[in-house]
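Enquirer: One structure, pasted below without further comment.
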Amino acid sequence: MSTGSITPYRSDMRAGRDGFAQLLRAEWTKFTTVRGWVIGVLAGALVTVLLGLVAVAGNRFTCNGRACNLGVPVGPGGEAVTDNFYFVHRPLDGNGSITVRVTSLTGGNTSNIPGSQGGQGGAGLQPWSKAGIIIKESTRQGSAYAAIMVTGSHGVRMQYNYTGDTAGPAGTVSAASPRWLRLARSGDTITGYASAEGTTWTKVGAARLAGLSPNVQAGLFATSPAQTQATSQRLMGSGGLITASLATAVFDQVGLHGTWPRGAWRGSVIGGAASGLYAVQGGGYHQVRGRFTVSGSGDIAPDVVGGTIPGQTIERPLVGAFAGLIALVVVAAMFITAEYRRGLIRTTLAASPRRGRVLAAKPIVIGAVTFAAGLAGAAAAVFLGERQLRGNGFIVYPVTTPTEVRVVVGTAALLAVAAVLALGIGAIVRRSAAAVAAVIVVIVLPYILAVPNVLSVGTAQWLLRVTPAAGFAIEQGMPQYPQVSTAYTPASGYYPLAPWAGFAVLCGYAAVALGLAVFLIRRRDA
Amino acid sequence: MSQASHASWASMREALHAEWTKLRTAPGTLWLLLAVVALTVALSAGAAAAVRCPSAGCGQDPARISLTGIELGQVIVAVLAVLVISGEYGTGMIRTTLAAMPRRTTVLAAKAAILTGLVLAAGTIAVLASVLAGRLILPGHGFTAAHGYPPLSLGDGPVLRAAAGSVLYLALIALLSLGAATIVRDSAVAVGAVLGLLYLFPIIAVVTDPHWRRHLEQIGPMSAGLAIQATTGLRSLPVSPWAGLGVLAAWAAAALLAGGLLPRLRDA
């Protein structure tokens with residue numbers, strides 16, 4: 001027997017590195033070498049664009065048989081606004097203040113008002129009928145303003161630049177309980193005060209209107225939004241019954257401080273009454289010994305979907321993303337289930353025995369690929385769809401650039417997270433047909449039940465809160481405003497959760513699926 | 001009876017027996033059929049529990065609400081139908097099947113017959129249980145005779161049409177899915193294609209022009225086929241109940257025809 005030591009066989013090959021980068025590269029290679037998957041992802045991007053364009057191509061808004069070319073005023077914040085009211089105004093130079101007493105706010109008609117430009121009143125006083133005092137950059141629609149007002153049933157409010165809204169003392173106004181209002185300008189800051197008897201004042205709010213010109217228009221105003229009645233949920237978003245309304249307010253004890261150049265009060269219909277586009281009735285005013293009666297119709301507020309303007313949201317063309325989602329979900333599920341079908345998973349796990357890392361590399365690769373495809377598809381759909389809608393005569397509600405970026409990037413992220421969810425479920429059930437069906441059922445079916453279906457609004461909103469379909473909230477471009485009453489339903493594009501909150505719900509589902517997949521792949525045989 | 005037709009009937013009977021054996025012994029079949037029943041009834045009962053009819057003329061259709069679960073049950077039916085054919089392509093079993101039964105159309109016809117029988121059986125149970133759930137739940141939510149809604153009963157003509165039509169709807173979805181799976185062969189792609197075909201029409205119909213919407217609802221297999229569930233407001237439907245089911249039947253026939261022709265042209 002030899003006592004010499006035996007050298008065990010060692011391969012000349014250098015040991016391969018088993019870093020995470022190598023794993024990513026391996027998964028990337030697997031993806032790119034299956035032609036069907038690459039085609040599937042490209043098809044996902046393509047159908048997102050094409051189906052979106054086909055869907056909006058059918059929408060047409062015509063004026064006398066031709067596509068309308070309408071403009072919509074844009075507020076200082078970049079959002080689409082409604083700016084229609086009756087304004088009794090005088091110029092104000094520099095700092096100053098205006099104080100009035102409001103003794104009445106009623107709905108009604110203009111027939112007994114001299115100088116009236118409107119006809120008989122339609123709907124009565126609305127909850128958001130407004131009358132009060134306003135300081136406004138100019139009489140141009142969409143210019144900066146701050147106002148303090150009494151409302152139909154929301155008490156005293158201080159509002160500014162269309163989206164700002166602060167509540168003051170509650171209660172309705174009448175001759176027995178009048179409201180005193182004061183608006184004071186100091187530089188760029190305008191402060192609103194309210195009082196019940198004109199001696200003790202409470203500050204309601206202050207608004208900073210950056211870059212407000214020294215020469216502004218200030219005075220009394222009245223306006224009243226149209227009453228919208230959707231006849232059923234199915235009709236919302238596409239219309240409903242819209243009736244113009246008119247509000248009439250009586251002001252007295254008008255007190256002015258500061259530099260008010262000599263001249264008489266002037267009455268103007270802001271936004272014009274004759275457009276026929278807005279459900280407004282014009283308005284008018286008369287003045288008897290310091291007592292002003294002002295009637296107006298319209299609103300000073302941000303635009304909302306389903307309101308009086310035939311607008312379309314920028315996310316309309318993104319309906320094609322549903323088709324893209326299905327294509328990408330199929331690829332993502334196969335990205336893992338094909339390994340089980342072919343037995344490749346045993347090779348994969350032999351090469352990377354730390355199994356959790358496989359389920360980290362795969363979602364990164366498929367997530368990145370689907371995000372890129374989704375981004376291309378969503379950006380093209382929004383860009384081309386917006387042009388198509390404008391060409392068909394629609395107003396496309398302008399949104400700020402960050403909002404537009406959020407809608408486009410959010411849609412791409414939505415598709416990527418849905419793909420990761422499909423991968424997770426695919427790793428759990430290990431059958432591609434079941435995985436694809438499960439993901440489509442949890443993401444698309446709740447949307448179908450909530451939006452085109454006949455479920456009540458409450459049930460629809462509940463579905464869009466708790467299911468992965470909540471993620472579609474990321475596509476909502478138009479915010480919901482408490483100070484504008486309309487039907488904020490999923491059918492008109494309003495989701496119950498905030499955009500990122502809804503997206504977080506979807507991410508939660510994907511994370512749970514992936515976590516369960518990691519747990520199972522460690523425990524089970526491959 | 002001529003010799004040839006006798007032989008073809010005998011081979012059809014053998015094919016039916018073979019397909020029945022395969023489907024019966026496949027591990028997932030029973031579970032999928034149970035899932036069709038359970039998920040259909042669960043969603044139907046959930047929808048019935050979620051609606052309210054506070055006053056007369058609330059415009060709801062109690063039969064349609066009680067059969068909402070079909071929108072979920074059809075997914076499981078589609079998966080079952082796709083696996084009947086894609087499962088064979090996935091495992092290579094199809095080559096054995098076609099060696100034993102060289103006539104491709106006979107194989108497809110036998111698969112379609114067995115599948116239809118199973119889906120009709122499961123669909124009948126699911127629909128009867130859904131209608132029962134609606135009958136028990138809805139009166140507690142304002143669907144009372146005082147509000148113009150007598151309890152759901154299959155003795156009522158339109159309700160019977162909705163119930164029987166929903167069973168037929170599931171069978172036609174199965175045939176549509178079988179045809180689609182024969183065309184594309186891969187199970188994931190087939191399920192994605194079928195669900196896309198079903199779900200995309202109603203989603204696009206919501207955002208498009210009302211005129212286009214009507215046409216989309218007339219040609220979409222799901223929106224047209226589910227018109228069979230309507231018992232109220234038939235005049236405002238884009239397509240009448242039986243015509244709607246006919247649209248779905250046309251989709252299923254087209255898919256089966258394409259599926260029947262393609263395997264003749266290509267290798268398994």
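Letters A, B, ... go to the chains of the structure tokens in the order shown; residues in each chain start at 1; ligands are counted from 1 in the same order.
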Name the residues of segment 121-271 of chain A that come out as strand (DSSP E or B) in a backbone DSSP run; write them as a ChimeraX atom specification.
Expert: /A:123,130-136,145-151,156-160,164-167,179-186,189-195,202-208,215-223,227-229,241-243,245,247-259,266-270
Enquirer: Report as a Markdown table the residues of chain B within 10 Å of chain A, each with its shortest atom pair and distance in Å (one decimal), using only C-alpha atoms, ordered by chain and increasing residue number.
Expert:
```
| residue | atom | partner | partner_atom | distance |
| --- | --- | --- | --- | --- |
| B:Ala47 | CA | A:Leu455 | CA | 7.6 |
| B:Ala48 | CA | A:Leu455 | CA | 9.7 |
| B:Ala50 | CA | A:Thr459 | CA | 6.5 |
| B:Val51 | CA | A:Ser456 | CA | 6.5 |
| B:Arg52 | CA | A:Ser456 | CA | 8.1 |
| B:Gly59 | CA | A:Ser232 | CA | 9.2 |
| B:Gln60 | CA | A:Val454 | CA | 8.0 |
| B:Asp61 | CA | A:Val454 | CA | 9.0 |
| B:Arg64 | CA | A:Val454 | CA | 9.4 |
| B:Ile65 | CA | A:Val454 | CA | 8.4 |
| B:Thr68 | CA | A:Leu449 | CA | 8.8 |
| B:Glu71 | CA | A:Leu445 | CA | 8.0 |
| B:Leu72 | CA | A:Val441 | CA | 7.4 |
| B:Val75 | CA | A:Ala437 | CA | 6.7 |
| B:Ile76 | CA | A:Ala437 | CA | 7.7 |
| B:Ala78 | CA | A:Ala437 | CA | 8.7 |
| B:Val79 | CA | A:Ala433 | CA | 6.3 |
| B:Leu80 | CA | A:Ala433 | CA | 9.1 |
| B:Val82 | CA | A:Ala433 | CA | 7.9 |
| B:Leu83 | CA | A:Ala433 | CA | 7.7 |
| B:Ser86 | CA | A:Ala433 | CA | 9.2 |
| B:Gly87 | CA | A:Ala433 | CA | 9.7 |
| B:Gly90 | CA | A:Arg341 | CA | 7.7 |
| B:Thr91 | CA | A:Arg341 | CA | 8.4 |
| B:Asp186 | CA | A:Ala433 | CA | 8.8 |
| B:Ser187 | CA | A:Ala433 | CA | 5.3 |
| B:Ala188 | CA | A:Ala433 | CA | 4.5 |
| B:Val189 | CA | A:Val330 | CA | 6.2 |
| B:Ala190 | CA | A:Ala433 | CA | 8.0 |
| B:Val191 | CA | A:Ala433 | CA | 6.0 |
| B:Gly192 | CA | A:Ile326 | CA | 6.1 |
| B:Ala193 | CA | A:Ile326 | CA | 8.1 |
| B:Val194 | CA | A:Ala437 | CA | 9.9 |
| B:Leu195 | CA | A:Ile440 | CA | 7.7 |
| B:Gly196 | CA | A:Ala323 | CA | 6.7 |
| B:Leu197 | CA | A:Ala323 | CA | 9.4 |
| B:Tyr199 | CA | A:Ile448 | CA | 7.5 |
| B:Leu200 | CA | A:Ala323 | CA | 6.9 |
| B:Pro202 | CA | A:Pro452 | CA | 6.7 |
| B:Ile203 | CA | A:Ile448 | CA | 6.7 |
| B:Ile204 | CA | A:Ala55 | CA | 6.1 |
| B:Ala205 | CA | A:Ala55 | CA | 7.9 |
| B:Val206 | CA | A:Pro452 | CA | 6.1 |
| B:Val207 | CA | A:Ala55 | CA | 6.9 |
| B:Thr208 | CA | A:Ala55 | CA | 5.4 |
| B:Asp209 | CA | A:Asn59 | CA | 4.5 |
| B:Pro210 | CA | A:Ser238 | CA | 8.0 |
| B:His211 | CA | A:Gly58 | CA | 8.2 |
| B:Trp212 | CA | A:Gly58 | CA | 6.3 |
| B:Arg213 | CA | A:Gly58 | CA | 8.8 |
```
Enquirer: Would you save the residues from that selection as a CSV table (one decimal), in the first residue's frame, using N, CA and C atoms?
Expert:
```csv
chain,number,residue,atom,x,y,z
B,47,ALA,N,-72.7,39.5,-6.2
B,47,ALA,CA,-73.3,40.6,-6.9
B,47,ALA,C,-74.8,40.8,-6.4
B,48,ALA,N,-75.5,39.7,-6.1
B,48,ALA,CA,-76.8,39.9,-5.6
B,48,ALA,C,-76.8,40.6,-4.2
B,50,ALA,N,-74.7,42.8,-3.3
B,50,ALA,CA,-74.2,44.1,-3.4
B,50,ALA,C,-75.2,45.1,-3.9
B,51,VAL,N,-76.2,44.6,-4.6
B,51,VAL,CA,-77.2,45.6,-5.2
B,51,VAL,C,-78.3,45.9,-4.2
B,52,ARG,N,-78.9,47.1,-4.4
B,52,ARG,CA,-80.0,47.5,-3.6
B,52,ARG,C,-81.1,48.0,-4.6
B,59,GLY,N,-84.7,50.1,-12.1
B,59,GLY,CA,-84.0,49.8,-13.3
B,59,GLY,C,-83.1,48.7,-13.3
B,60,GLN,N,-83.1,47.9,-12.3
B,60,GLN,CA,-82.2,46.7,-12.2
B,60,GLN,C,-82.8,45.5,-12.9
B,61,ASP,N,-82.0,44.6,-13.3
B,61,ASP,CA,-82.4,43.3,-13.9
B,61,ASP,C,-82.1,42.2,-13.0
B,64,ARG,N,-80.2,39.1,-14.5
B,64,ARG,CA,-78.9,39.4,-14.9
B,64,ARG,C,-77.9,39.5,-13.7
B,65,ILE,N,-78.4,40.1,-12.7
B,65,ILE,CA,-77.5,40.3,-11.4
B,65,ILE,C,-77.3,38.9,-10.9
B,68,THR,N,-74.4,37.1,-12.7
B,68,THR,CA,-73.2,37.9,-12.9
B,68,THR,C,-72.0,36.9,-12.9
B,71,GLU,N,-69.6,35.7,-15.8
B,71,GLU,CA,-68.4,36.5,-16.3
B,71,GLU,C,-67.1,36.0,-15.7
B,72,LEU,N,-67.2,35.3,-14.5
B,72,LEU,CA,-66.0,34.7,-13.9
B,72,LEU,C,-65.9,33.2,-14.3
B,75,VAL,N,-64.2,32.1,-17.5
B,75,VAL,CA,-62.7,32.1,-17.5
B,75,VAL,C,-62.2,30.6,-17.3
B,76,ILE,N,-62.8,30.0,-16.2
B,76,ILE,CA,-62.4,28.6,-15.9
B,76,ILE,C,-62.8,27.7,-17.1
B,78,ALA,N,-62.9,28.5,-20.1
B,78,ALA,CA,-61.9,28.7,-21.2
B,78,ALA,C,-60.6,28.0,-20.9
B,79,VAL,N,-60.2,28.0,-19.6
B,79,VAL,CA,-58.9,27.3,-19.3
B,79,VAL,C,-59.1,25.8,-19.5
B,80,LEU,N,-60.3,25.3,-19.1
B,80,LEU,CA,-60.5,23.8,-19.2
B,80,LEU,C,-60.5,23.5,-20.7
B,82,VAL,N,-59.1,25.1,-23.2
B,82,VAL,CA,-57.8,25.2,-23.8
B,82,VAL,C,-56.9,24.0,-23.5
B,83,LEU,N,-57.0,23.6,-22.2
B,83,LEU,CA,-56.1,22.5,-21.8
B,83,LEU,C,-56.5,21.2,-22.5
B,86,SER,N,-54.4,22.0,-25.7
B,86,SER,CA,-53.0,22.5,-25.5
B,86,SER,C,-52.3,21.5,-24.7
B,87,GLY,N,-53.0,20.9,-23.7
B,87,GLY,CA,-52.3,19.9,-22.9
B,87,GLY,C,-51.6,18.8,-23.7
B,90,GLY,N,-48.6,20.3,-25.4
B,90,GLY,CA,-47.6,20.6,-24.4
B,90,GLY,C,-46.8,19.3,-24.1
B,91,THR,N,-47.5,18.2,-24.0
B,91,THR,CA,-46.8,16.9,-23.5
B,91,THR,C,-46.4,16.0,-24.7
B,186,ASP,N,-50.4,26.8,-28.1
B,186,ASP,CA,-49.9,27.0,-26.7
B,186,ASP,C,-51.0,27.5,-25.8
B,187,SER,N,-51.0,26.9,-24.5
B,187,SER,CA,-52.1,27.1,-23.6
B,187,SER,C,-52.1,28.6,-23.2
B,188,ALA,N,-50.9,29.2,-22.8
B,188,ALA,CA,-51.0,30.5,-22.3
B,188,ALA,C,-51.4,31.5,-23.3
B,189,VAL,N,-50.9,31.3,-24.6
B,189,VAL,CA,-51.3,32.2,-25.6
B,189,VAL,C,-52.8,32.1,-25.9
B,190,ALA,N,-53.3,30.8,-25.9
B,190,ALA,CA,-54.7,30.6,-26.2
B,190,ALA,C,-55.6,31.2,-25.1
B,191,VAL,N,-55.2,31.0,-23.9
B,191,VAL,CA,-56.1,31.6,-22.8
B,191,VAL,C,-56.0,33.2,-22.9
B,192,GLY,N,-54.8,33.7,-23.2
B,192,GLY,CA,-54.7,35.2,-23.3
B,192,GLY,C,-55.6,35.7,-24.5
B,193,ALA,N,-55.5,34.9,-25.6
B,193,ALA,CA,-56.3,35.3,-26.8
B,193,ALA,C,-57.8,35.3,-26.5
B,194,VAL,N,-58.3,34.2,-25.9
B,194,VAL,CA,-59.7,34.1,-25.6
B,194,VAL,C,-60.2,35.2,-24.7
B,195,LEU,N,-59.4,35.4,-23.6
B,195,LEU,CA,-59.9,36.4,-22.6
B,195,LEU,C,-59.8,37.8,-23.2
B,196,GLY,N,-58.8,38.0,-24.0
B,196,GLY,CA,-58.7,39.3,-24.7
B,196,GLY,C,-59.9,39.5,-25.6
B,197,LEU,N,-60.3,38.5,-26.3
B,197,LEU,CA,-61.5,38.6,-27.2
B,197,LEU,C,-62.7,38.8,-26.4
B,199,TYR,N,-63.0,40.1,-23.2
B,199,TYR,CA,-63.0,41.3,-22.3
B,199,TYR,C,-62.7,42.6,-23.0
B,200,LEU,N,-62.0,42.6,-24.1
B,200,LEU,CA,-61.6,43.9,-24.7
B,200,LEU,C,-62.8,44.7,-25.3
B,202,PRO,N,-66.0,45.0,-24.4
B,202,PRO,CA,-66.8,45.8,-23.5
B,202,PRO,C,-65.9,47.0,-22.9
B,203,ILE,N,-64.6,46.8,-22.8
B,203,ILE,CA,-63.8,47.9,-22.2
B,203,ILE,C,-63.7,49.0,-23.2
B,204,ILE,N,-63.4,48.6,-24.5
B,204,ILE,CA,-63.3,49.7,-25.5
B,204,ILE,C,-64.7,50.3,-25.8
B,205,ALA,N,-65.7,49.6,-25.6
B,205,ALA,CA,-67.1,50.1,-25.9
B,205,ALA,C,-67.3,51.3,-24.9
B,206,VAL,N,-66.8,51.3,-23.7
B,206,VAL,CA,-67.0,52.3,-22.8
B,206,VAL,C,-66.5,53.7,-23.2
B,207,VAL,N,-65.3,53.7,-23.8
B,207,VAL,CA,-64.6,54.9,-24.1
B,207,VAL,C,-65.0,55.5,-25.5
B,208,THR,N,-65.5,54.6,-26.3
B,208,THR,CA,-65.7,55.1,-27.7
B,208,THR,C,-67.0,55.8,-27.9
B,209,ASP,N,-67.2,56.3,-29.1
B,209,ASP,CA,-68.4,57.0,-29.4
B,209,ASP,C,-69.7,56.1,-29.2
B,210,PRO,N,-70.8,56.7,-28.8
B,210,PRO,CA,-72.0,55.9,-28.6
B,210,PRO,C,-72.5,55.0,-29.8
B,211,HIS,N,-72.3,55.6,-31.0
B,211,HIS,CA,-72.6,54.8,-32.2
B,211,HIS,C,-71.8,53.6,-32.3
B,212,TRP,N,-70.5,53.8,-32.2
B,212,TRP,CA,-69.5,52.7,-32.3
B,212,TRP,C,-69.7,51.7,-31.2
B,213,ARG,N,-70.1,52.3,-30.0
B,213,ARG,CA,-70.3,51.4,-28.8
B,213,ARG,C,-71.3,50.3,-29.1
```
Enquirer: Would you kindly return, as a PyMOL selection string, each protein, DNA or RNA residue with an atom no farther than 9 Å from any atom of segment 243-255 of chain B, considering only C-alpha atoms and excluding same-chain residues fewer than 3 positions away?
Expert: chain B and resi 165+168-169+172-183+218-228+238-240+258-260
Enquirer: Write the residues of the selection above to a file with N, CA and C atoms, as an mmCIF file, in the first residue's frame.
Expert:
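Generated file (result04.cif):
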```
data_model
loop_
_atom_site.group_PDB
_atom_site.id
_atom_site.type_symbol
_atom_site.label_atom_id
_atom_site.label_comp_id
_atom_site.auth_asym_id
_atom_site.auth_seq_id
_atom_site.Cartn_x
_atom_site.Cartn_y
_atom_site.Cartn_z
ATOM 1 N N GLY B 165 -80.011 30.040 -21.340
ATOM 2 C CA GLY B 165 -79.080 30.711 -22.251
ATOM 3 C C GLY B 165 -77.696 30.838 -21.632
ATOM 4 N N LEU B 168 -75.943 27.592 -22.111
ATOM 5 C CA LEU B 168 -75.489 27.490 -23.502
ATOM 6 C C LEU B 168 -74.306 28.417 -23.754
ATOM 7 N N TYR B 169 -74.350 29.616 -23.125
ATOM 8 C CA TYR B 169 -73.258 30.578 -23.273
ATOM 9 C C TYR B 169 -71.925 29.937 -22.854
ATOM 10 N N LEU B 172 -70.749 27.479 -25.416
ATOM 11 C CA LEU B 172 -70.199 28.130 -26.610
ATOM 12 C C LEU B 172 -68.826 28.730 -26.329
ATOM 13 N N ILE B 173 -68.629 29.253 -25.097
ATOM 14 C CA ILE B 173 -67.301 29.759 -24.715
ATOM 15 C C ILE B 173 -66.295 28.615 -24.762
ATOM 16 N N ALA B 174 -66.726 27.430 -24.309
ATOM 17 C CA ALA B 174 -65.833 26.265 -24.332
ATOM 18 C C ALA B 174 -65.441 25.934 -25.772
ATOM 19 N N LEU B 175 -66.423 25.965 -26.684
ATOM 20 C CA LEU B 175 -66.114 25.628 -28.083
ATOM 21 C C LEU B 175 -65.222 26.694 -28.716
ATOM 22 N N LEU B 176 -65.501 27.978 -28.391
ATOM 23 C CA LEU B 176 -64.654 29.061 -28.903
ATOM 24 C C LEU B 176 -63.217 28.871 -28.431
ATOM 25 N N SER B 177 -63.064 28.538 -27.143
ATOM 26 C CA SER B 177 -61.717 28.355 -26.586
ATOM 27 C C SER B 177 -61.034 27.135 -27.186
ATOM 28 N N LEU B 178 -61.801 26.089 -27.405
ATOM 29 C CA LEU B 178 -61.222 24.879 -28.014
ATOM 30 C C LEU B 178 -60.694 25.195 -29.412
ATOM 31 N N GLY B 179 -61.498 25.933 -30.175
ATOM 32 C CA GLY B 179 -61.062 26.322 -31.517
ATOM 33 C C GLY B 179 -59.817 27.184 -31.462
ATOM 34 N N ALA B 180 -59.815 28.173 -30.539
ATOM 35 C CA ALA B 180 -58.663 29.069 -30.426
ATOM 36 C C ALA B 180 -57.416 28.277 -30.055
ATOM 37 N N ALA B 181 -57.560 27.322 -29.130
ATOM 38 C CA ALA B 181 -56.404 26.539 -28.698
ATOM 39 C C ALA B 181 -55.895 25.649 -29.829
ATOM 40 N N THR B 182 -56.806 25.175 -30.674
ATOM 41 C CA THR B 182 -56.358 24.359 -31.809
ATOM 42 C C THR B 182 -55.568 25.209 -32.793
ATOM 43 N N ILE B 183 -55.940 26.504 -32.876
ATOM 44 C CA ILE B 183 -55.233 27.387 -33.806
ATOM 45 C C ILE B 183 -53.843 27.721 -33.269
ATOM 46 N N GLN B 218 -72.570 44.742 -30.320
ATOM 47 C CA GLN B 218 -73.266 43.774 -31.163
ATOM 48 C C GLN B 218 -72.340 42.666 -31.643
ATOM 49 N N ILE B 219 -71.041 42.976 -31.824
ATOM 50 C CA ILE B 219 -70.156 41.958 -32.387
ATOM 51 C C ILE B 219 -69.245 41.303 -31.357
ATOM 52 N N GLY B 220 -69.087 41.903 -30.183
ATOM 53 C CA GLY B 220 -68.218 41.315 -29.170
ATOM 54 C C GLY B 220 -68.809 40.009 -28.662
ATOM 55 N N PRO B 221 -68.025 38.926 -28.598
ATOM 56 C CA PRO B 221 -68.601 37.640 -28.199
ATOM 57 C C PRO B 221 -69.204 37.662 -26.799
ATOM 58 N N MET B 222 -68.561 38.397 -25.875
ATOM 59 C CA MET B 222 -69.090 38.402 -24.511
ATOM 60 C C MET B 222 -70.287 39.333 -24.388
ATOM 61 N N SER B 223 -70.153 40.583 -24.882
ATOM 62 C CA SER B 223 -71.249 41.526 -24.695
ATOM 63 C C SER B 223 -72.485 41.084 -25.470
ATOM 64 N N ALA B 224 -72.294 40.526 -26.664
ATOM 65 C CA ALA B 224 -73.457 40.049 -27.426
ATOM 66 C C ALA B 224 -74.029 38.791 -26.790
ATOM 67 N N GLY B 225 -73.152 37.841 -26.436
ATOM 68 C CA GLY B 225 -73.626 36.575 -25.888
ATOM 69 C C GLY B 225 -74.374 36.750 -24.584
ATOM 70 N N LEU B 226 -73.919 37.698 -23.746
ATOM 71 C CA LEU B 226 -74.567 37.876 -22.448
ATOM 72 C C LEU B 226 -75.889 38.619 -22.562
ATOM 73 N N ALA B 227 -76.239 39.091 -23.761
ATOM 74 C CA ALA B 227 -77.569 39.682 -23.946
ATOM 75 C C ALA B 227 -78.650 38.661 -23.611
ATOM 76 N N ILE B 228 -78.300 37.393 -23.653
ATOM 77 C CA ILE B 228 -79.263 36.330 -23.352
ATOM 78 C C ILE B 228 -79.720 36.424 -21.898
ATOM 79 N N PRO B 238 -78.489 46.472 -27.419
ATOM 80 C CA PRO B 238 -77.923 46.612 -28.770
ATOM 81 C C PRO B 238 -78.255 45.421 -29.657
ATOM 82 N N VAL B 239 -78.500 44.271 -29.041
ATOM 83 C CA VAL B 239 -78.774 43.068 -29.827
ATOM 84 C C VAL B 239 -79.757 42.229 -29.011
ATOM 85 N N SER B 240 -80.718 41.579 -29.695
ATOM 86 C CA SER B 240 -81.741 40.838 -28.956
ATOM 87 C C SER B 240 -81.123 39.574 -28.358
ATOM 88 N N ALA B 258 -61.651 27.161 -38.255
ATOM 89 C CA ALA B 258 -60.226 27.428 -38.473
ATOM 90 C C ALA B 258 -59.386 26.374 -37.770
ATOM 91 N N GLY B 259 -59.797 26.008 -36.551
ATOM 92 C CA GLY B 259 -59.069 24.983 -35.814
ATOM 93 C C GLY B 259 -59.156 23.621 -36.484
ATOM 94 N N GLY B 260 -60.279 23.360 -37.134
ATOM 95 C CA GLY B 260 -60.440 22.081 -37.821
ATOM 96 C C GLY B 260 -59.632 22.005 -39.093
#
```
Enquirer: Which residues, written as JSON, numbers by chain, have at least one atom at most 10 Å from Arg522 of chain A, with only C-alpha atoms counted and residues fewer than 4 positions away on the same chain left out?
Expert: {"A": [353, 354, 355, 356, 517, 518, 526]}
